[in-house]
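File shown: start_30.cif. Contents: mmCIF, C-alpha atoms (C1' of nucleotides).
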data_target
loop_
_atom_site.label_atom_id
_atom_site.label_comp_id
_atom_site.auth_asym_id
_atom_site.auth_seq_id
_atom_site.Cartn_x
_atom_site.Cartn_y
_atom_site.Cartn_z
CA MET A 1 -18.73 -34.56 17.86
CA GLN A 2 -20.05 -37.90 16.63
CA GLU A 3 -17.26 -38.12 14.08
CA ILE A 4 -14.60 -37.32 16.66
CA ALA A 5 -16.09 -39.78 19.13
CA SER A 6 -16.22 -42.53 16.53
CA GLU A 7 -12.61 -41.99 15.50
CA ALA A 8 -11.61 -42.05 19.17
CA GLY A 9 -13.55 -45.28 19.63
CA VAL A 10 -15.98 -43.83 22.17
CA ASN A 11 -19.34 -42.02 22.06
CA GLN A 12 -20.44 -38.39 22.28
CA ALA A 13 -21.44 -38.65 25.92
CA LEU A 14 -17.90 -39.48 26.91
CA LEU A 15 -16.53 -36.52 24.99
CA HIS A 16 -18.87 -34.25 26.92
CA TYR A 17 -17.91 -35.91 30.16
CA TYR A 18 -14.27 -35.00 29.61
CA PHE A 19 -14.52 -31.65 27.86
CA ARG A 20 -17.92 -30.34 29.07
CA SER A 21 -18.72 -28.75 25.72
CA LYS A 22 -17.77 -28.72 22.08
CA GLU A 23 -16.19 -25.31 22.46
CA ARG A 24 -13.90 -26.50 25.26
CA LEU A 25 -12.86 -29.53 23.27
CA SER A 26 -12.08 -27.26 20.37
CA ALA A 27 -10.08 -24.96 22.63
CA ALA A 28 -8.10 -27.91 24.00
CA VAL A 29 -7.18 -29.03 20.49
CA PHE A 30 -6.27 -25.51 19.40
CA GLN A 31 -4.13 -24.87 22.44
CA GLN A 32 -2.29 -28.15 22.22
CA ILE A 33 -1.41 -27.45 18.61
CA ALA A 34 -0.52 -23.80 19.20
CA SER A 35 1.68 -24.68 22.17
CA ARG A 36 3.75 -26.93 19.92
CA ILE A 37 4.07 -24.50 17.01
CA PHE A 38 4.72 -21.09 18.54
CA PRO A 39 7.39 -21.75 21.16
CA ALA A 40 9.55 -23.46 18.54
CA LEU A 41 9.23 -20.39 16.32
CA ALA A 42 10.12 -17.86 19.01
CA GLN A 43 12.90 -20.02 20.43
CA THR A 44 14.61 -20.63 17.10
CA LEU A 45 14.33 -17.06 15.88
CA GLY A 46 15.53 -15.75 19.23
CA ALA A 47 18.48 -18.12 19.55
CA ASP A 48 22.07 -16.87 19.47
CA ILE A 49 22.94 -18.37 16.07
CA SER A 50 23.46 -17.06 12.54
CA LEU A 51 20.54 -16.08 10.36
CA ASP A 52 21.34 -18.87 7.91
CA GLU A 53 21.25 -21.33 10.77
CA LYS A 54 17.88 -20.00 11.94
CA ILE A 55 16.46 -20.37 8.45
CA GLY A 56 17.70 -23.94 8.17
CA ARG A 57 16.44 -25.00 11.57
CA LEU A 58 13.04 -23.38 11.23
CA ILE A 59 12.33 -24.90 7.86
CA ALA A 60 13.45 -28.32 9.05
CA ILE A 61 11.35 -28.13 12.21
CA TYR A 62 8.21 -26.96 10.46
CA LEU A 63 8.34 -29.26 7.46
CA ASP A 64 9.12 -32.30 9.59
CA ASN A 65 6.45 -31.49 12.12
CA LEU A 66 3.75 -30.63 9.61
CA SER A 67 4.50 -33.66 7.44
CA GLN A 68 3.37 -35.75 10.36
CA ASN A 69 0.39 -33.51 11.16
CA ARG A 70 -0.85 -32.52 7.76
CA PHE A 71 -4.27 -31.43 8.92
CA VAL A 72 -2.94 -28.89 11.41
CA PRO A 73 -2.54 -25.83 9.17
CA GLY A 74 -5.94 -26.29 7.57
CA TYR A 75 -7.54 -26.77 10.95
CA LEU A 76 -5.85 -23.76 12.51
CA ILE A 77 -6.76 -21.43 9.66
CA SER A 78 -10.30 -22.71 9.64
CA GLU A 79 -10.59 -21.95 13.34
CA LEU A 80 -9.08 -18.51 12.86
CA HIS A 81 -11.59 -17.84 10.13
CA HIS A 82 -14.70 -19.01 11.94
CA HIS A 83 -13.87 -17.80 15.46
CA PRO A 84 -11.43 -14.90 15.19
CA GLU A 85 -12.79 -13.42 18.42
CA ARG A 86 -11.61 -16.41 20.43
CA VAL A 87 -8.06 -16.46 19.11
CA GLU A 88 -6.52 -14.04 21.58
CA GLN A 89 -7.74 -15.90 24.62
CA LEU A 90 -6.81 -19.28 23.13
CA LEU A 91 -3.32 -18.10 22.28
CA SER A 92 -2.63 -16.66 25.70
CA GLY A 93 -3.80 -19.94 27.21
CA ALA A 94 -1.49 -21.90 24.90
CA LEU A 95 1.55 -19.73 25.47
CA GLY A 96 1.05 -19.04 29.16
CA ALA A 97 1.82 -15.42 28.43
CA ASP A 98 0.48 -12.37 26.64
CA PRO A 99 0.71 -13.44 22.98
CA GLY A 100 1.32 -9.85 21.94
CA LEU A 101 4.60 -9.64 23.84
CA VAL A 102 6.66 -12.60 22.66
CA MET A 103 6.98 -12.02 18.93
CA PRO A 104 7.60 -8.27 18.95
CA ALA A 105 10.63 -8.94 21.17
CA VAL A 106 11.84 -11.61 18.75
CA VAL A 107 11.28 -9.22 15.85
CA ARG A 108 13.32 -6.49 17.51
CA SER A 109 16.27 -8.83 18.12
CA LEU A 110 16.02 -10.07 14.52
CA GLU A 111 15.96 -6.48 13.33
CA ARG A 112 19.30 -5.93 15.04
CA GLN A 113 20.75 -9.10 13.54
CA ILE A 114 19.61 -8.06 10.07
CA ASN A 115 21.00 -4.55 10.49
CA ASP A 116 24.35 -6.00 11.49
CA GLY A 117 24.33 -8.13 8.35
CA VAL A 118 23.39 -5.16 6.18
CA ARG A 119 26.25 -3.10 7.58
CA ALA A 120 28.61 -6.02 6.97
CA GLY A 121 27.43 -6.08 3.37
CA VAL A 122 26.15 -9.68 3.47
CA LEU A 123 22.42 -8.94 3.67
CA ARG A 124 19.86 -6.97 1.74
CA PRO A 125 17.81 -4.57 3.89
CA ILE A 126 14.48 -6.18 4.82
CA LYS A 127 11.94 -5.61 7.57
CA ALA A 128 12.29 -8.36 10.17
CA GLN A 129 8.53 -8.73 10.45
CA GLN A 130 8.17 -9.26 6.71
CA PHE A 131 10.99 -11.77 6.82
CA VAL A 132 9.42 -13.81 9.60
CA ILE A 133 6.07 -13.87 7.89
CA ASN A 134 7.68 -14.84 4.59
CA LEU A 135 9.39 -17.74 6.27
CA ILE A 136 6.32 -19.17 7.95
CA SER A 137 4.19 -18.54 4.84
CA LEU A 138 6.56 -20.69 2.80
CA CYS A 139 6.50 -23.45 5.39
CA ILE A 140 2.85 -23.58 6.32
CA PHE A 141 0.82 -22.60 3.27
CA PRO A 142 1.50 -25.69 1.15
CA PHE A 143 -0.02 -27.84 3.88
CA ALA A 144 -3.00 -25.56 4.33
CA ALA A 145 -3.72 -25.54 0.60
CA ARG A 146 -2.84 -29.18 0.14
CA PRO A 147 -6.20 -30.45 -1.17
CA MET A 148 -6.10 -27.83 -3.89
CA LEU A 149 -2.45 -28.37 -4.78
CA SER A 150 -3.09 -32.08 -4.95
CA ILE A 151 -5.72 -31.59 -7.59
CA VAL A 152 -4.19 -28.69 -9.50
CA PHE A 153 -0.79 -30.34 -9.75
CA GLY A 154 -2.11 -33.88 -9.81
CA MET A 155 -0.34 -34.97 -6.62
CA ASP A 156 -1.36 -38.08 -4.77
CA ASP A 157 -0.11 -38.71 -1.24
CA ALA A 158 3.24 -40.07 -2.39
CA ALA A 159 3.77 -37.16 -4.79
CA PHE A 160 3.02 -34.69 -2.02
CA ASP A 161 5.60 -36.43 0.17
CA ARG A 162 8.17 -36.08 -2.59
CA PHE A 163 7.18 -32.45 -3.05
CA ILE A 164 7.82 -31.76 0.63
CA ASP A 165 11.11 -33.68 0.56
CA GLN A 166 12.26 -31.56 -2.34
CA ARG A 167 11.11 -28.49 -0.44
CA ARG A 168 13.23 -29.44 2.57
CA LYS A 169 16.25 -29.25 0.30
CA GLU A 170 15.39 -26.24 -1.85
CA LEU A 171 13.60 -23.88 0.49
CA PRO A 172 16.54 -22.92 2.75
CA GLU A 173 18.59 -21.82 -0.24
CA PHE A 174 15.58 -19.98 -1.68
CA VAL A 175 15.21 -17.93 1.49
CA ARG A 176 18.93 -17.36 1.99
CA SER A 177 19.28 -16.21 -1.57
CA ALA A 178 16.34 -13.86 -1.08
CA LEU A 179 18.25 -12.11 1.69
CA ARG A 180 21.52 -11.65 -0.19
CA PRO A 181 22.31 -8.18 -1.53
CA MET B 1 -28.12 -19.31 6.21
CA GLN B 2 -29.97 -16.84 8.41
CA GLU B 3 -26.83 -14.74 8.72
CA ILE B 4 -26.26 -14.72 4.99
CA ALA B 5 -29.90 -13.94 4.30
CA SER B 6 -29.89 -11.04 6.76
CA GLU B 7 -26.76 -9.54 5.30
CA ALA B 8 -28.29 -9.86 1.84
CA GLY B 9 -31.46 -8.19 3.10
CA VAL B 10 -33.72 -11.17 2.39
CA ASN B 11 -34.79 -14.29 4.29
CA GLN B 12 -33.77 -17.94 4.30
CA ALA B 13 -36.64 -19.05 2.13
CA LEU B 14 -35.43 -16.89 -0.71
CA LEU B 15 -31.92 -18.25 -0.44
CA HIS B 16 -33.32 -21.75 -0.82
CA TYR B 17 -35.48 -20.65 -3.70
CA TYR B 18 -32.40 -19.54 -5.63
CA PHE B 19 -29.81 -22.08 -4.54
CA ARG B 20 -31.94 -25.11 -3.58
CA SER B 21 -29.63 -26.07 -0.70
CA LYS B 22 -26.89 -24.80 1.55
CA GLU B 23 -24.36 -27.00 -0.21
CA ARG B 24 -25.22 -25.52 -3.60
CA LEU B 25 -24.96 -21.99 -2.26
CA SER B 26 -21.59 -22.86 -0.82
CA ALA B 27 -20.51 -24.32 -4.16
CA ALA B 28 -21.62 -21.17 -5.98
CA VAL B 29 -19.54 -18.99 -3.65
CA PHE B 30 -16.52 -21.25 -3.93
CA GLN B 31 -16.70 -21.37 -7.70
CA GLN B 32 -17.13 -17.64 -8.12
CA ILE B 33 -14.06 -17.02 -5.97
CA ALA B 34 -11.99 -19.75 -7.60
CA SER B 35 -12.89 -18.53 -11.07
CA ARG B 36 -11.44 -15.12 -10.18
CA ILE B 37 -8.24 -16.39 -8.61
CA PHE B 38 -7.01 -19.21 -10.81
CA PRO B 39 -7.33 -17.81 -14.32
CA ALA B 40 -5.31 -14.75 -13.29
CA LEU B 41 -2.59 -17.04 -11.98
CA ALA B 42 -2.38 -19.23 -15.07
CA GLN B 43 -2.69 -16.29 -17.44
CA THR B 44 0.06 -14.24 -15.82
CA LEU B 45 2.46 -17.14 -15.40
CA GLY B 46 1.83 -18.27 -18.95
CA ALA B 47 2.20 -14.84 -20.57
CA ASP B 48 5.06 -14.03 -22.93
CA ILE B 49 6.90 -11.68 -20.55
CA SER B 50 10.02 -11.82 -18.41
CA LEU B 51 10.08 -13.72 -15.15
CA ASP B 52 10.66 -10.51 -13.22
CA GLU B 53 7.60 -9.03 -14.88
CA LYS B 54 5.52 -12.10 -13.98
CA ILE B 55 6.60 -11.83 -10.37
CA GLY B 56 5.71 -8.15 -10.22
CA ARG B 57 2.32 -8.56 -11.85
CA LEU B 58 1.30 -11.57 -9.83
CA ILE B 59 2.15 -10.02 -6.51
CA ALA B 60 0.37 -6.81 -7.45
CA ILE B 61 -2.74 -8.65 -8.63
CA TYR B 62 -2.98 -10.90 -5.60
CA LEU B 63 -2.23 -8.32 -2.92
CA ASP B 64 -4.62 -5.77 -4.47
CA ASN B 65 -7.36 -8.31 -4.94
CA LEU B 66 -7.03 -9.91 -1.52
CA SER B 67 -6.80 -6.56 0.27
CA GLN B 68 -10.33 -5.94 -0.88
CA ASN B 69 -11.49 -9.49 -0.12
CA ARG B 70 -9.67 -10.31 3.07
CA PHE B 71 -11.91 -13.18 4.04
CA VAL B 72 -11.33 -15.12 0.83
CA PRO B 73 -8.16 -17.06 1.73
CA GLY B 74 -9.49 -18.07 5.12
CA TYR B 75 -12.77 -19.13 3.60
CA LEU B 76 -11.16 -21.11 0.78
CA ILE B 77 -8.79 -22.97 3.07
CA SER B 78 -11.58 -23.68 5.52
CA GLU B 79 -13.64 -25.18 2.72
CA LEU B 80 -10.68 -27.21 1.49
CA HIS B 81 -10.20 -28.53 4.99
CA HIS B 82 -13.79 -29.45 5.75
CA HIS B 83 -14.81 -30.76 2.32
CA PRO B 84 -11.68 -31.92 0.51
CA GLU B 85 -13.70 -34.50 -1.38
CA ARG B 86 -15.74 -31.80 -3.09
CA VAL B 87 -12.80 -29.70 -4.25
CA GLU B 88 -12.12 -31.45 -7.54
CA GLN B 89 -15.66 -31.12 -8.77
CA LEU B 90 -15.92 -27.52 -7.58
CA LEU B 91 -12.67 -26.58 -9.29
CA SER B 92 -13.60 -28.12 -12.59
CA GLY B 93 -16.90 -26.27 -12.43
CA ALA B 94 -15.10 -22.99 -11.72
CA LEU B 95 -12.50 -23.38 -14.44
CA GLY B 96 -14.72 -24.94 -17.07
CA ALA B 97 -11.94 -27.44 -17.66
CA ASP B 98 -10.09 -30.31 -16.05
CA PRO B 99 -8.28 -28.54 -13.19
CA GLY B 100 -5.42 -31.03 -13.46
CA LEU B 101 -4.50 -29.90 -16.96
CA VAL B 102 -4.05 -26.13 -16.77
CA MET B 103 -1.29 -25.71 -14.20
CA PRO B 104 0.99 -28.54 -15.33
CA ALA B 105 1.14 -26.87 -18.76
CA VAL B 106 1.99 -23.55 -17.13
CA VAL B 107 4.63 -25.26 -15.02
CA ARG B 108 6.24 -26.83 -18.08
CA SER B 109 6.46 -23.50 -19.88
CA LEU B 110 7.88 -21.87 -16.76
CA GLU B 111 10.40 -24.69 -16.50
CA ARG B 112 11.66 -23.76 -19.96
CA GLN B 113 11.83 -20.08 -19.07
CA ILE B 114 13.80 -20.85 -15.91
CA ASN B 115 16.17 -23.17 -17.75
CA ASP B 116 16.85 -20.43 -20.29
CA GLY B 117 17.66 -18.05 -17.45
CA VAL B 118 19.93 -20.59 -15.80
CA ARG B 119 21.87 -21.14 -19.03
CA ALA B 120 22.18 -17.37 -19.44
CA GLY B 121 23.61 -17.22 -15.93
CA VAL B 122 20.95 -14.88 -14.55
CA LEU B 123 18.94 -17.45 -12.55
CA ARG B 124 19.57 -20.03 -9.89
CA PRO B 125 18.23 -23.49 -10.73
CA ILE B 126 14.85 -24.04 -9.10
CA LYS B 127 11.91 -26.34 -9.78
CA ALA B 128 9.14 -24.36 -11.46
CA GLN B 129 6.50 -26.03 -9.30
CA GLN B 130 8.29 -25.03 -6.11
CA PHE B 131 8.66 -21.51 -7.43
CA VAL B 132 4.97 -21.15 -8.22
CA ILE B 133 3.95 -22.48 -4.84
CA ASN B 134 6.45 -20.19 -3.10
CA LEU B 135 4.99 -17.22 -4.89
CA ILE B 136 1.37 -17.92 -4.02
CA SER B 137 2.29 -18.91 -0.46
CA LEU B 138 3.88 -15.51 0.07
CA CYS B 139 0.87 -13.71 -1.35
CA ILE B 140 -2.00 -15.66 0.20
CA PHE B 141 -0.85 -16.91 3.59
CA PRO B 142 -0.71 -13.56 5.41
CA PHE B 143 -4.40 -13.04 4.66
CA ALA B 144 -5.33 -16.57 5.69
CA ALA B 145 -3.47 -16.23 8.98
CA ARG B 146 -4.50 -12.64 9.52
CA PRO B 147 -6.37 -13.02 12.82
CA MET B 148 -3.32 -14.68 14.32
CA LEU B 149 -0.84 -12.19 12.88
CA SER B 150 -3.00 -9.38 14.15
CA ILE B 151 -2.73 -10.63 17.70
CA VAL B 152 0.84 -11.92 17.66
CA PHE B 153 2.21 -8.75 16.08
CA GLY B 154 -0.35 -6.46 17.63
CA MET B 155 -1.77 -5.25 14.32
CA ASP B 156 -5.10 -3.50 14.13
CA ASP B 157 -6.83 -3.00 10.77
CA ALA B 158 -4.79 0.05 9.89
CA ALA B 159 -1.53 -1.66 10.83
CA PHE B 160 -2.43 -4.63 8.68
CA ASP B 161 -3.09 -2.28 5.76
CA ARG B 162 0.33 -0.74 6.25
CA PHE B 163 1.85 -4.20 6.49
CA ILE B 164 0.34 -5.15 3.13
CA ASP B 165 1.40 -1.86 1.56
CA GLN B 166 4.94 -2.50 2.66
CA ARG B 167 4.66 -6.02 1.31
CA ARG B 168 3.62 -4.73 -2.09
CA LYS B 169 6.93 -2.90 -2.25
CA GLU B 170 9.26 -5.45 -0.66
CA LEU B 171 7.94 -8.81 -1.82
CA PRO B 172 8.83 -8.53 -5.54
CA GLU B 173 12.46 -7.84 -4.70
CA PHE B 174 12.45 -10.64 -2.12
CA VAL B 175 11.34 -13.17 -4.73
CA ARG B 176 13.57 -11.84 -7.51
CA SER B 177 16.56 -11.93 -5.20
CA ALA B 178 15.66 -15.49 -4.23
CA LEU B 179 16.03 -16.53 -7.88
CA ARG B 180 19.38 -14.87 -8.52
CA PRO B 181 22.42 -17.13 -8.61
"C1'" DG C 1 -40.45 -13.91 -6.95
"C1'" DT C 2 -40.95 -12.96 -2.19
"C1'" DC C 3 -42.80 -13.50 2.01
"C1'" DT C 4 -44.58 -15.97 6.82
"C1'" DA C 5 -45.18 -20.02 9.03
"C1'" DT C 6 -43.95 -24.60 9.79
"C1'" DA C 7 -42.05 -29.09 9.04
"C1'" DT C 8 -37.83 -31.91 9.31
"C1'" DT C 9 -33.23 -32.93 10.40
"C1'" DT C 10 -29.08 -32.37 12.76
"C1'" DC C 11 -26.38 -31.64 16.61
"C1'" DG C 12 -24.87 -30.43 21.19
"C1'" DA C 13 -25.93 -31.64 25.73
"C1'" DT C 14 -27.98 -34.31 29.67
"C1'" DA C 15 -30.23 -38.15 32.51
"C1'" DG C 16 -29.75 -42.19 34.48
"C1'" DA C 17 -28.40 -47.22 34.48
"C1'" DC C 18 -24.31 -49.93 35.10
"C1'" DG D 1 -15.80 -43.68 34.03
"C1'" DT D 2 -18.54 -45.41 30.36
"C1'" DC D 3 -22.50 -46.54 28.20
"C1'" DT D 4 -27.71 -46.09 25.96
"C1'" DA D 5 -31.46 -43.34 25.42
"C1'" DT D 6 -33.36 -38.99 25.06
"C1'" DC D 7 -34.09 -33.95 25.43
"C1'" DG D 8 -33.99 -29.38 23.52
"C1'" DA D 9 -32.12 -25.98 20.59
"C1'" DA D 10 -30.66 -24.60 16.22
"C1'" DA D 11 -30.42 -24.91 11.52
"C1'" DT D 12 -31.94 -26.46 6.93
"C1'" DA D 13 -35.60 -27.11 4.03
"C1'" DT D 14 -40.51 -26.83 2.50
"C1'" DA D 15 -45.62 -25.35 2.17
"C1'" DG D 16 -48.54 -22.21 0.87
"C1'" DA D 17 -50.39 -17.35 0.78
"C1'" DC D 18 -49.67 -13.15 -1.76
#

Produce structure tokens that represent the structure in this file.
Amino acid sequence: MQEIASEAGVNQALLHYYFRSKERLSAAVFQQIASRIFPALAQTLGADISLDEKIGRLIAIYLDNLSQNRFVPGYLISELHHHPERVEQLLSGALGADPGLVMPAVVRSLERQINDGVRAGVLRPIKAQQFVINLISLCIFPFAARPMLSIVFGMDDAAFDRFIDQRRKELPEFVRSALRP
Amino acid sequence: MQEIASEAGVNQALLHYYFRSKERLSAAVFQQIASRIFPALAQTLGADISLDEKIGRLIAIYLDNLSQNRFVPGYLISELHHHPERVEQLLSGALGADPGLVMPAVVRSLERQINDGVRAGVLRPIKAQQFVINLISLCIFPFAARPMLSIVFGMDDAAFDRFIDQRRKELPEFVRSALRP
DNA sequence: GTCTATATTTCGATAGAC
DNA sequence: GTCTATCGAAATATAGAC
């Protein structure tokens, strides 16, 4: 709390005045972040566009967004790890809906789109759920593991920027190729 | 500390007797985990086997290992996030070597292997570093994000097990297909 | 080495002046 | 609304008996 207050240029008392407790401040942060990340995912995957287009848009959105909020994936995963029992309530607050309803619907519509592609001979059969999780894994993980990648691959900040730029270009083709028969 | 001591069937005082401080206990845990995860990665990627074989082995090793230690990715990323300044020292302690030297060598040898495949017309050009990070992203992220996936996709423990089982079968072909021209 | 009891520090939260 | 000063709880670390 002291660290947050300092960075905000105020003191702990003021943080408590606004958020009432550390847990509520934490929830506010989590929900603000989640409400930016999830709707974009569901909206893009559920849009009436080609699968290649969805892949391109999603990767662009996530890499751009996370480049400017590098701490977000690490923070989110840390919160998931330390307070898994709070996640459901936090998510439903962030989405304004039952979090267990949105994605399964998206997955079912994706499943149809994939099946169409398989019948047309342009796609390899793959479970839609696995595909979605592959896509977000490839986008989010490098940011979450950034401190380790930086050391293991000797990347400073500039090198990590270049790495992500390269990823913006290469990742869409990687995923599209993965889906081809 | 109390929680750890209880689970271990001892008390806090004994933890301090062995580890001297919370930070040192934390470092011991981190290093033990890191020393299991990284050598397997470098060893497999550096082995004298085909790329397809490397992909298959790595995915099998990681998914098997993480299935039995589900908390590890979340814990590691949480530690990276909260104490990034300690990571370098912890890693060098875990590897018994400069952590910045091992992977770049592996990447260079992979780069050669990929270039050979590209010349032979069986591989798409891809940066070895991107490939390695794609591979570990796909293996590790689902475990790190598990509490969220569980809620968003409505997975209980058994469903998550099935999800990982399915992944064991599908992921190798996903990655191999991604590399084909 | 292992315990109980206790000291010390840290941190979240509140009181009260302005 | 915002601050300083302080309380009280919790957690880390240590002392000392066995």

Give me, as a list in words, the residues of chain C touching chain B, with the criterion being at most 12 Å (counting all atoms listed in the file). DG1, DT2, DC3, DT4, DA5 and DT6 of chain C

Restricted to C-alpha atoms (C1' of nucleotides), what would the selected residues look like written as a PDB file, in the frame of the given file?
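Below is the file that was written, selection_11.pdb:
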ATOM      1  C1'  DG C   1     -40.450 -13.910  -6.950  1.00  0.00           C
ATOM      2  C1'  DT C   2     -40.950 -12.960  -2.190  1.00  0.00           C
ATOM      3  C1'  DC C   3     -42.800 -13.500   2.010  1.00  0.00           C
ATOM      4  C1'  DT C   4     -44.580 -15.970   6.820  1.00  0.00           C
ATOM      5  C1'  DA C   5     -45.180 -20.020   9.030  1.00  0.00           C
ATOM      6  C1'  DT C   6     -43.950 -24.600   9.790  1.00  0.00           C
TER       7       DT C   6
END

Interatomic distance, atom CA of Ala120 of chain B to atom CA of Arg162 of chain A (Å, one decimal):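 Atom-to-atom, atom CA of Ala120 of chain B to atom CA of Arg162 of chain A, that is 28.8 Å.
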
The PyMOL selection byres ((chain D) within 12 of (chain B)) resolved against shown file, as a ChimeraX atom specification: /D:10-15

Output check: residues returned by the PyMOL selection byres ((chain B) within 6 of (chain A)), as number ranges by chain: B: 74, 78, 81, 84, 99-100, 134, 137-138, 141, 147, 151-152, 154, 174, 177-178

Output C-alpha atoms of each residue in that selection to a file, as a PDB file, in the coordinates of the input.
ATOM      1  CA  GLY B  74      -9.490 -18.070   5.120  1.00  0.00           C
ATOM      2  CA  SER B  78     -11.580 -23.680   5.520  1.00  0.00           C
ATOM      3  CA  HIS B  81     -10.200 -28.530   4.990  1.00  0.00           C
ATOM      4  CA  PRO B  84     -11.680 -31.920   0.510  1.00  0.00           C
ATOM      5  CA  PRO B  99      -8.280 -28.540 -13.190  1.00  0.00           C
ATOM      6  CA  GLY B 100      -5.420 -31.030 -13.460  1.00  0.00           C
ATOM      7  CA  ASN B 134       6.450 -20.190  -3.100  1.00  0.00           C
ATOM      8  CA  SER B 137       2.290 -18.910  -0.460  1.00  0.00           C
ATOM      9  CA  LEU B 138       3.880 -15.510   0.070  1.00  0.00           C
ATOM     10  CA  PHE B 141      -0.850 -16.910   3.590  1.00  0.00           C
ATOM     11  CA  PRO B 147      -6.370 -13.020  12.820  1.00  0.00           C
ATOM     12  CA  ILE B 151      -2.730 -10.630  17.700  1.00  0.00           C
ATOM     13  CA  VAL B 152       0.840 -11.920  17.660  1.00  0.00           C
ATOM     14  CA  GLY B 154      -0.350  -6.460  17.630  1.00  0.00           C
ATOM     15  CA  PHE B 174      12.450 -10.640  -2.120  1.00  0.00           C
ATOM     16  CA  SER B 177      16.560 -11.930  -5.200  1.00  0.00           C
ATOM     17  CA  ALA B 178      15.660 -15.490  -4.230  1.00  0.00           C
TER      18      ALA B 178
END

Find the spatial neighbours of segment 52-58 of chain B, counting all atoms listed in the file, within a cut-off of 7 Å - ignore same-chain residues fewer than 4 positions away - and output them as a PyMOL selection string. chain B and resi 44-45+62+172+176

Using all atoms listed in the file, which residues sit within 12 Å of DC18 of chain C once same-chain residues fewer than 3 positions away are excluded, as a VMD selection string? chain D and resid 1 to 4

So what do you get for atom CA of Asp161 of chain A versus atom CA of Ser67 of chain A, distance-wise?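 That distance, rounded to one decimal, is 7.9 Å.
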
Closest of B:Gln89, B:Arg119, B:Arg108, B:Arg70 to Phe160 of chain B - atom-to-atom distances counting all atoms listed in the file: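 Using all atoms listed in the file, the shortest distance to Phe160 of chain B belongs to B:Arg70.
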